[in-house]
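target.cif (mmCIF, C-alpha atoms) appears below.
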data_structure
loop_
_atom_site.label_atom_id
_atom_site.label_comp_id
_atom_site.auth_asym_id
_atom_site.auth_seq_id
_atom_site.Cartn_x
_atom_site.Cartn_y
_atom_site.Cartn_z
CA MET X 1 -187.48 -195.73 -137.82
CA ARG X 2 -187.00 -192.26 -139.34
CA ARG X 3 -184.09 -191.01 -137.27
CA PRO X 4 -181.24 -188.58 -138.06
CA LEU X 5 -178.78 -191.35 -138.95
CA TRP X 6 -181.39 -192.83 -141.31
CA PHE X 7 -181.36 -189.52 -143.18
CA ALA X 8 -177.55 -189.57 -143.10
CA PHE X 9 -177.63 -193.04 -144.70
CA LEU X 10 -180.15 -191.86 -147.32
CA LEU X 11 -178.08 -188.77 -148.15
CA HIS X 12 -174.93 -190.89 -148.49
CA ARG X 13 -176.67 -193.41 -150.76
CA VAL X 14 -178.44 -190.84 -152.96
CA SER X 15 -175.32 -188.64 -153.27
CA GLY X 16 -173.29 -191.72 -154.22
CA LEU X 17 -175.79 -192.74 -156.90
CA LEU X 18 -176.03 -189.23 -158.35
CA LEU X 19 -172.23 -188.92 -158.42
CA ALA X 20 -172.02 -192.29 -160.19
CA LEU X 21 -174.45 -190.96 -162.80
CA PHE X 22 -172.43 -187.75 -163.12
CA LEU X 23 -169.07 -189.48 -163.65
CA PRO X 24 -169.70 -190.75 -167.24
CA VAL X 25 -170.83 -187.25 -168.28
CA HIS X 26 -167.74 -185.80 -166.59
CA PHE X 27 -165.46 -188.20 -168.47
CA TRP X 28 -167.27 -187.49 -171.73
CA VAL X 29 -166.64 -183.74 -171.34
CA LEU X 30 -163.00 -184.44 -170.46
CA SER X 31 -162.67 -186.54 -173.60
CA LEU X 32 -163.70 -183.49 -175.65
CA ALA X 33 -160.42 -181.87 -174.59
CA VAL X 34 -158.46 -184.36 -176.69
CA ARG X 35 -161.03 -184.96 -179.43
CA ASP X 36 -162.60 -181.60 -180.21
CA ALA X 37 -161.36 -178.37 -178.62
CA ASP X 38 -164.13 -176.23 -180.15
CA ALA X 39 -166.83 -178.51 -178.85
CA LEU X 40 -165.24 -178.35 -175.40
CA GLU X 41 -165.13 -174.54 -175.53
CA SER X 42 -168.78 -174.28 -176.48
CA PHE X 43 -169.72 -176.77 -173.80
CA LEU X 44 -167.73 -174.91 -171.15
CA SER X 45 -169.46 -171.67 -172.11
CA LEU X 46 -172.60 -173.24 -170.66
CA THR X 47 -171.03 -172.90 -167.23
CA GLU X 48 -171.54 -169.13 -167.42
CA ARG X 49 -175.30 -169.60 -167.11
CA PRO X 50 -176.67 -168.99 -163.61
CA LEU X 51 -178.68 -172.22 -163.60
CA VAL X 52 -175.58 -174.25 -164.47
CA LYS X 53 -173.66 -172.50 -161.68
CA LEU X 54 -176.41 -173.49 -159.29
CA ALA X 55 -176.25 -177.07 -160.55
CA GLU X 56 -172.49 -177.02 -160.01
CA MET X 57 -173.08 -175.91 -156.44
CA GLY X 58 -175.34 -178.93 -156.05
CA LEU X 59 -172.58 -181.10 -157.46
CA VAL X 60 -170.04 -179.71 -155.02
CA PHE X 61 -172.51 -180.36 -152.20
CA LEU X 62 -173.02 -183.97 -153.32
CA LEU X 63 -169.29 -184.54 -153.55
CA ALA X 64 -168.57 -182.91 -150.18
CA VAL X 65 -171.41 -184.65 -148.35
CA HIS X 66 -170.30 -188.01 -149.75
CA ILE X 67 -166.70 -187.39 -148.71
CA PHE X 68 -167.45 -186.10 -145.21
CA GLY X 69 -170.20 -188.68 -144.65
CA GLY X 70 -167.79 -191.38 -145.81
CA LEU X 71 -165.08 -190.14 -143.46
CA ARG X 72 -167.60 -190.23 -140.61
CA LEU X 73 -168.48 -193.85 -141.41
CA MET X 74 -164.82 -194.83 -141.72
CA ALA X 75 -164.04 -193.22 -138.35
CA LEU X 76 -167.00 -195.07 -136.83
CA GLU X 77 -166.12 -198.42 -138.32
CA LEU X 78 -162.33 -198.41 -138.46
CA LEU X 79 -161.47 -196.29 -135.42
CA GLY X 80 -164.48 -197.21 -133.31
CA TRP X 81 -165.60 -193.59 -132.84
CA SER X 82 -169.22 -194.46 -132.25
CA SER X 83 -170.22 -191.68 -129.86
CA GLY X 84 -171.63 -188.40 -131.11
CA GLN X 85 -172.64 -189.81 -134.49
CA LYS X 86 -175.67 -187.54 -134.85
CA THR X 87 -173.47 -184.49 -134.27
CA ALA X 88 -170.85 -185.83 -136.67
CA ALA X 89 -173.49 -186.44 -139.38
CA ALA X 90 -174.96 -182.96 -138.89
CA GLY X 91 -171.44 -181.54 -138.99
CA ALA X 92 -170.75 -183.33 -142.28
CA VAL X 93 -173.90 -181.81 -143.83
CA ALA X 94 -173.07 -178.34 -142.47
CA LEU X 95 -169.49 -178.53 -143.74
CA SER X 96 -170.73 -179.65 -147.17
CA LEU X 97 -173.29 -176.86 -147.36
CA GLY X 98 -170.52 -174.42 -146.40
CA ALA X 99 -168.20 -175.76 -149.10
CA ALA X 100 -170.97 -175.62 -151.73
CA THR X 101 -171.96 -172.08 -150.77
CA LEU X 102 -168.33 -170.95 -150.86
CA PHE X 103 -168.04 -172.48 -154.33
CA LEU X 104 -171.12 -170.60 -155.52
CA LEU X 105 -169.93 -167.30 -154.04
CA ARG X 106 -166.62 -167.66 -155.84
CA ALA X 107 -168.34 -168.68 -159.08
CA ILE X 108 -170.70 -165.71 -159.32
CA MET Q 1 -208.95 -191.60 -113.05
CA GLY Q 2 -209.04 -191.12 -116.81
CA THR Q 3 -209.42 -193.47 -119.72
CA LEU Q 4 -206.85 -194.54 -122.27
CA ILE Q 5 -207.79 -195.13 -125.90
CA VAL Q 6 -205.83 -198.17 -126.99
CA ASN Q 7 -205.69 -199.42 -130.58
CA VAL Q 8 -204.40 -202.97 -130.71
CA ALA Q 9 -203.29 -204.79 -133.86
CA ARG Q 10 -205.23 -208.06 -134.09
CA GLY Q 11 -205.50 -211.08 -136.37
CA ASP Q 12 -203.08 -213.60 -137.84
CA ALA Q 13 -200.60 -213.39 -140.71
CA THR Q 14 -203.33 -213.50 -143.36
CA GLU Q 15 -205.86 -211.08 -141.91
CA ARG Q 16 -204.80 -208.02 -139.92
CA ARG Q 17 -207.06 -205.43 -138.31
CA SER Q 18 -206.98 -202.85 -135.55
CA GLU Q 19 -209.32 -202.96 -132.52
CA ARG Q 20 -210.07 -200.09 -130.21
CA PHE Q 21 -210.29 -200.54 -126.44
CA GLU Q 22 -210.99 -198.13 -123.64
CA VAL Q 23 -208.77 -198.92 -120.67
CA PRO Q 24 -208.85 -197.26 -117.23
CA ALA Q 25 -205.70 -195.21 -116.64
CA TYR Q 26 -203.76 -195.70 -113.42
CA GLU Q 27 -200.70 -194.10 -111.97
CA SER Q 28 -197.40 -195.86 -112.78
CA GLN Q 29 -199.21 -198.07 -115.29
CA THR Q 30 -197.02 -199.94 -117.77
CA VAL Q 31 -197.94 -200.77 -121.36
CA LEU Q 32 -197.92 -204.45 -120.37
CA ASP Q 33 -200.47 -203.61 -117.64
CA VAL Q 34 -202.69 -202.12 -120.35
CA VAL Q 35 -202.40 -205.17 -122.60
CA SER Q 36 -203.06 -207.48 -119.63
CA TRP Q 37 -206.11 -205.41 -118.61
CA ILE Q 38 -207.56 -205.80 -122.11
CA GLN Q 39 -206.94 -209.55 -122.08
CA GLN Q 40 -208.39 -210.00 -118.57
CA ASN Q 41 -211.34 -207.60 -118.78
CA ALA Q 42 -212.26 -206.88 -122.39
CA ASP Q 43 -211.22 -209.69 -124.71
CA PRO Q 44 -209.74 -212.95 -123.36
CA THR Q 45 -208.83 -214.06 -126.89
CA LEU Q 46 -206.09 -211.40 -127.16
CA SER Q 47 -202.74 -213.16 -127.63
CA TYR Q 48 -199.49 -211.65 -126.32
CA ARG Q 49 -196.32 -212.80 -124.59
CA PHE Q 50 -194.80 -211.93 -121.26
CA ALA Q 51 -193.12 -213.76 -118.40
CA CYS Q 52 -190.97 -211.96 -115.83
CA ARG Q 53 -192.55 -208.44 -115.84
CA VAL Q 54 -189.25 -206.98 -114.59
CA GLY Q 55 -187.20 -206.52 -117.77
CA MET Q 56 -185.19 -209.73 -117.59
CA CYS Q 57 -186.82 -212.29 -119.88
CA GLY Q 58 -187.14 -210.27 -123.08
CA SER Q 59 -190.50 -211.74 -124.10
CA CYS Q 60 -192.91 -208.78 -123.90
CA ALA Q 61 -191.44 -206.53 -126.61
CA MET Q 62 -194.01 -204.87 -128.87
CA MET Q 63 -194.35 -201.81 -131.08
CA VAL Q 64 -195.79 -198.99 -128.97
CA ASN Q 65 -196.82 -195.94 -130.99
CA GLY Q 66 -194.53 -197.20 -133.76
CA VAL Q 67 -191.47 -197.67 -131.54
CA PRO Q 68 -190.20 -201.07 -130.34
CA ARG Q 69 -190.22 -201.21 -126.54
CA TRP Q 70 -190.11 -203.65 -123.63
CA THR Q 71 -193.68 -203.17 -122.51
CA CYS Q 72 -193.18 -204.32 -118.90
CA ARG Q 73 -190.77 -201.46 -118.23
CA THR Q 74 -192.46 -198.81 -120.36
CA HIS Q 75 -194.66 -196.39 -118.45
CA VAL Q 76 -197.82 -195.36 -120.28
CA GLN Q 77 -197.52 -191.73 -119.22
CA LYS Q 78 -194.13 -191.52 -120.95
CA VAL Q 79 -195.28 -192.85 -124.32
CA ALA Q 80 -199.04 -192.15 -124.66
CA LYS Q 81 -199.84 -189.47 -127.20
CA GLY Q 82 -202.95 -187.49 -126.21
CA GLY Q 83 -204.11 -190.32 -123.97
CA ALA Q 84 -203.88 -192.85 -126.79
CA LEU Q 85 -201.68 -195.88 -127.48
CA GLN Q 86 -201.12 -197.89 -130.65
CA ILE Q 87 -199.89 -201.38 -129.83
CA ALA Q 88 -198.67 -203.74 -132.53
CA PRO Q 89 -196.49 -206.85 -132.81
CA LEU Q 90 -192.73 -206.42 -133.28
CA ARG Q 91 -191.68 -205.23 -136.72
CA ASN Q 92 -189.53 -207.37 -139.06
CA LEU Q 93 -190.84 -210.71 -137.74
CA PRO Q 94 -193.75 -212.83 -139.03
CA VAL Q 95 -196.94 -212.44 -137.01
CA ILE Q 96 -198.47 -215.57 -135.51
CA LYS Q 97 -201.51 -213.94 -133.90
CA ASP Q 98 -202.36 -210.51 -132.48
CA LEU Q 99 -199.23 -209.30 -130.65
CA VAL Q 100 -197.30 -212.56 -130.91
CA VAL Q 101 -194.55 -212.87 -133.50
CA ASP Q 102 -192.63 -215.92 -134.66
CA MET Q 103 -189.14 -215.49 -133.13
CA ASP Q 104 -187.63 -218.36 -135.19
CA PRO Q 105 -186.00 -216.16 -137.87
CA PHE Q 106 -184.43 -214.07 -135.08
CA PHE Q 107 -182.88 -217.04 -133.28
CA ASP Q 108 -182.00 -218.92 -136.50
CA LYS Q 109 -179.76 -215.98 -137.30
CA TRP Q 110 -177.93 -216.31 -133.96
CA VAL Q 111 -177.06 -219.84 -135.05
CA ALA Q 112 -176.16 -218.70 -138.59
CA ALA Q 113 -173.77 -216.12 -137.09
CA LYS Q 114 -172.17 -218.98 -135.11
CA ALA Q 115 -173.12 -216.93 -132.06
CA VAL Q 116 -172.96 -219.93 -129.73
CA HIS Q 117 -170.14 -220.86 -127.38
CA HIS Q 118 -167.44 -223.06 -128.93
CA PRO Q 119 -165.56 -224.78 -126.10
CA SER Q 120 -161.78 -224.59 -126.22
CA ARG Q 121 -161.12 -226.92 -123.27
CA GLY Q 122 -162.60 -230.14 -122.01
CA ARG Q 123 -164.30 -230.50 -118.61
CA ALA Q 124 -161.28 -232.32 -117.19
CA GLU Q 125 -159.00 -229.38 -117.92
CA PRO Q 126 -158.66 -226.41 -115.58
CA MET Q 127 -160.77 -223.34 -116.33
CA ALA Q 128 -159.09 -220.53 -118.25
CA GLU Q 129 -158.20 -217.65 -115.98
CA ILE Q 130 -159.32 -214.34 -117.39
CA ALA Q 131 -158.87 -211.08 -115.52
CA PRO Q 132 -162.03 -208.91 -115.51
CA ASP Q 133 -160.04 -205.92 -116.72
CA GLU Q 134 -158.45 -207.60 -119.75
CA PRO Q 135 -159.34 -205.53 -122.84
CA GLY Q 136 -161.01 -208.48 -124.63
CA ARG Q 137 -163.04 -209.30 -121.53
CA VAL Q 138 -164.11 -205.67 -121.12
CA THR Q 139 -165.28 -205.56 -124.76
CA ALA Q 140 -167.12 -208.87 -124.42
CA SER Q 141 -168.73 -207.82 -121.13
CA ALA Q 142 -170.14 -204.69 -122.79
CA GLY Q 143 -172.49 -206.86 -124.87
CA ILE Q 144 -173.39 -209.86 -122.76
CA GLU Q 145 -176.43 -208.43 -120.98
CA CYS Q 146 -178.60 -208.95 -124.06
CA ILE Q 147 -182.01 -210.37 -123.09
CA ASN Q 148 -182.93 -211.52 -126.64
CA CYS Q 149 -185.98 -209.26 -126.76
CA ALA Q 150 -185.52 -208.54 -130.53
CA ILE Q 151 -186.18 -204.82 -130.07
CA CYS Q 152 -182.97 -203.99 -131.97
CA TYR Q 153 -184.04 -206.40 -134.71
CA ALA Q 154 -187.43 -204.69 -134.96
CA ALA Q 155 -185.81 -201.24 -134.99
CA CYS Q 156 -183.32 -202.08 -137.75
CA ASP Q 157 -184.11 -200.67 -141.21
CA THR Q 158 -181.44 -202.87 -142.76
CA VAL Q 159 -183.33 -205.96 -141.58
CA SER Q 160 -186.51 -204.50 -143.14
CA GLY Q 161 -184.71 -203.93 -146.42
CA SER Q 162 -182.77 -207.19 -146.61
CA PRO Q 163 -184.37 -210.11 -144.78
CA ASP Q 164 -181.14 -212.15 -145.00
CA TYR Q 165 -179.28 -209.68 -142.78
CA LEU Q 166 -178.28 -211.36 -139.52
CA GLY Q 167 -179.34 -208.35 -137.46
CA PRO Q 168 -177.87 -206.46 -134.49
CA ALA Q 169 -178.49 -209.00 -131.71
CA ALA Q 170 -176.88 -211.99 -133.43
CA LEU Q 171 -173.93 -209.90 -134.58
CA GLN Q 172 -173.42 -208.40 -131.14
CA ARG Q 173 -173.44 -211.88 -129.64
CA ALA Q 174 -170.87 -212.97 -132.24
CA TRP Q 175 -168.72 -209.96 -131.29
CA THR Q 176 -168.76 -210.91 -127.59
CA LEU Q 177 -167.56 -214.41 -128.55
CA VAL Q 178 -164.83 -213.08 -130.86
CA ASN Q 179 -163.52 -211.21 -127.80
CA ASP Q 180 -163.94 -214.14 -125.43
CA ALA Q 181 -160.58 -215.89 -124.87
CA LYS Q 182 -162.51 -219.04 -123.92
CA ASP Q 183 -164.17 -219.36 -127.34
CA GLY Q 184 -162.42 -221.80 -129.64
CA ALA Q 185 -163.83 -220.79 -133.03
CA ARG Q 186 -162.92 -217.13 -133.53
CA ASP Q 187 -162.10 -217.54 -137.24
CA ALA Q 188 -165.26 -219.54 -137.93
CA ILE Q 189 -167.35 -216.77 -136.34
CA LEU Q 190 -165.58 -214.09 -138.40
CA ASP Q 191 -166.24 -216.14 -141.55
CA ALA Q 192 -169.91 -216.58 -140.61
CA VAL Q 193 -170.45 -212.86 -140.05
CA SER Q 194 -168.61 -211.62 -143.13
CA GLY Q 195 -170.61 -213.46 -145.79
CA GLN Q 196 -174.03 -212.80 -147.33
CA GLY Q 197 -176.21 -210.98 -144.83
CA GLY Q 198 -173.25 -210.39 -142.52
CA CYS Q 199 -171.92 -207.38 -140.63
CA HIS Q 200 -170.94 -205.49 -143.78
CA ASN Q 201 -174.62 -205.12 -144.65
CA CYS Q 202 -175.01 -202.75 -141.69
CA HIS Q 203 -175.48 -199.12 -142.76
CA SER Q 204 -174.62 -197.77 -139.28
CA MET Q 205 -177.98 -196.10 -138.79
CA GLY Q 206 -177.74 -196.92 -135.10
CA SER Q 207 -181.41 -197.64 -134.39
CA CYS Q 208 -180.30 -200.78 -132.51
CA THR Q 209 -178.24 -198.77 -130.03
CA THR Q 210 -180.91 -196.08 -129.71
CA HIS Q 211 -183.70 -198.50 -128.87
CA CYS Q 212 -181.88 -201.20 -126.85
CA PRO Q 213 -183.73 -201.25 -123.51
CA ASN Q 214 -180.61 -202.47 -121.71
CA ASP Q 215 -178.48 -199.62 -123.06
CA LEU Q 216 -176.25 -201.98 -125.03
CA ASP Q 217 -174.42 -200.78 -128.12
CA PRO Q 218 -174.80 -203.22 -131.05
CA LEU Q 219 -173.73 -200.45 -133.45
CA SER Q 220 -170.23 -200.45 -131.94
CA ALA Q 221 -170.18 -204.25 -131.76
CA ILE Q 222 -170.96 -204.50 -135.48
CA ALA Q 223 -168.31 -201.85 -136.22
CA GLY Q 224 -165.90 -204.06 -134.27
CA LEU Q 225 -166.83 -207.06 -136.42
CA LYS Q 226 -166.30 -205.01 -139.57
CA ARG Q 227 -162.80 -204.10 -138.34
CA GLU Q 228 -161.87 -207.65 -137.40
CA THR Q 229 -163.23 -209.23 -140.61
CA MET Q 230 -161.33 -206.63 -142.65
CA ARG Q 231 -158.15 -207.31 -140.67
CA LYS Q 232 -158.61 -211.04 -141.28
CA ALA Q 233 -159.15 -210.51 -145.03
CA LEU Q 234 -155.99 -208.36 -145.21
CA ARG Q 235 -153.99 -211.05 -143.38
CA ARG Q 236 -155.22 -213.58 -145.91
CA ALA Q 237 -154.28 -211.38 -148.89
#
Represent the supplied structure as structure tokens.
Amino acid sequence: MRRPLWFAFLLHRVSGLLLALFLPVHFWVLSLAVRDADALESFLSLTERPLVKLAEMGLVFLLAVHIFGGLRLMALELLGWSSGQKTAAAGAVALSLGAATLFLLRAI
Amino acid sequence: MGTLIVNVARGDATERRSERFEVPAYESQTVLDVVSWIQQNADPTLSYRFACRVGMCGSCAMMVNGVPRWTCRTHVQKVAKGGALQIAPLRNLPVIKDLVVDMDPFFDKWVAAKAVHHPSRGRAEPMAEIAPDEPGRVTASAGIECINCAICYAACDTVSGSPDYLGPAALQRAWTLVNDAKDGARDAILDAVSGQGGCHNCHSMGSCTTHCPNDLDPLSAIAGLKRETMRKALRRA
């Protein structure tokens, strides 16, 4: 049954998995700050590359869509807000795309 | 009068095939009328289930063009695509033959969810008085018109992905009992629906609510169970 809320579920699951994969890398880079300042500097210089900026936009989108999608599910399950779920899911995606685009515009 | 091209899923669990029938089209024809026409005029060996023909018994549900529907109340002209119909047995249940599925797993899960009435008074005691507008009664009443057709169960992708999942119908029934002041085993029901395959398996995709032919809302019922089981776990902690 390929319906909008199925895609919302898929997006939430995939974004969660990708963020879980990203976290160890994130912590590794953070650890450079205490272990090796030069290595951190050279790694952070990568973020000036356009492709990395684009990847960061993707990351912001994943984070935002997981947060807003999660808030939608919590409102549905804990507050009983079950009407208008398709609109809420579409709103979560739109908001996330907006946040990611804003991030990219500020980054470039 | 035109002709409908109808592809019907045939065979038993081991050997499945599709057979094509040409069925005369009539005005106000239901999908069940089409299946019955095939059985009465083209192939008497076609197996399918129906009883009431008026949307009460819940026995004629099938997949129609990939969507689970009560066939007795589904008009052909609303669902046929280019004058064609694909009719198959309900998804997520083992096929016995042709359009007939084994409903045992579906009903076994009602029992596993403890979705049966647990008396709280004996027959010698007076009946509990419950006002129709009590909040618990209103919540319970919202889910009691289920006709056990298993359309929600067939529509549910979580059932497809995890066969242990109790499914929308059993969980909705459990929710009506949790809200029924006359039921004497509220905690036992909450325990039964919070374990393996319970309400927390639901991913809130809402196909159950979308496809329920009686306009019930199992999605909200399951959300209610999630709330109550969480509340119970917090009380315990």
Problem set entry | Expected selection from the PyMOL selection byres ((chain X and resi 11) around 12), given as a ChimeraX atom specification | /X:4-10,12-19,61-70,89-90,92-93,96 /Q:203,205
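Between CA of Phe22 in chain X and CA of Leu54 in chain X the separation is 15.3 Å.
Atom pair CA of Val31 in chain Q / CA of Pro163 in chain Q has a distance of 28.6 Å (rounded to one decimal).
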Exercise. Do you have the CA of Cys202 in chain Q-CA of Met74 in chain X distance handy?
Worked result: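 Computing it gives 12.9 Å between the two atoms.
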Problem set entry | Residues in the PyMOL selection byres ((chain Q) within 8 of (chain X)), expressed as a list in words |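 For this structure, the PyMOL selection byres ((chain Q) within 8 of (chain X)) resolves to Val67, Ala155, Cys156, Asp157, His203, Ser204, Met205, Gly206, Ser207, Leu219, Ser220, Ala223, Gly224, Lys226 and Arg227 of chain Q.
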For the structure provided, state which residues fall under the PyMOL selection byres ((chain Q and resi 75) around 8), and present them as a short mmCIF file (atom, residue, chain, number, x, y, z; two decimals) with C-alpha atoms, in the coordinates of the input.
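Below you can see part.cif, which holds the result:
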data_model
loop_
_atom_site.label_atom_id
_atom_site.label_comp_id
_atom_site.auth_asym_id
_atom_site.auth_seq_id
_atom_site.Cartn_x
_atom_site.Cartn_y
_atom_site.Cartn_z
CA SER Q 28 -197.40 -195.86 -112.78
CA GLN Q 29 -199.21 -198.07 -115.29
CA THR Q 30 -197.02 -199.94 -117.77
CA VAL Q 31 -197.94 -200.77 -121.36
CA THR Q 71 -193.68 -203.17 -122.51
CA ARG Q 73 -190.77 -201.46 -118.23
CA THR Q 74 -192.46 -198.81 -120.36
CA VAL Q 76 -197.82 -195.36 -120.28
CA GLN Q 77 -197.52 -191.73 -119.22
CA LYS Q 78 -194.13 -191.52 -120.95
CA VAL Q 79 -195.28 -192.85 -124.32
#
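With all atoms listed in the file taken into account, the protein and nucleic acid residues at most 12 Å from His26 in chain X (excluding it and anything under 4 positions from it in its own chain) are Leu19, Ala20, Leu21, Phe22, Leu30, Ser31, Leu32, Ala33, Leu40, Phe43, Leu44, Glu56 and Leu59 of chain X.
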Exercise. Looking at Q:Gly197, Q:Pro126, Q:Gly143, Q:Pro68, which one is nearest to Gly167 in chain Q, with distances taken over all atoms listed in the file?
Worked result: Q:Gly197
For this session: Pick out the residues sitting within 10 Å of range 215-217 of chain Q, and hand them over as an MDAnalysis selection string; count only C-alpha atoms, and ignore anything fewer than 5 positions along from it in its own chain.
Result: (chainID X and resid 82) or (chainID Q and resid 142:146 152 168:169 172 206:210 222)
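With all atoms listed in the file as the basis for measurement, Q:Met63 is the residue among Q:Ile38, Q:Met63, Q:Leu177, Q:Met56 that approaches Leu93 in chain Q most closely.
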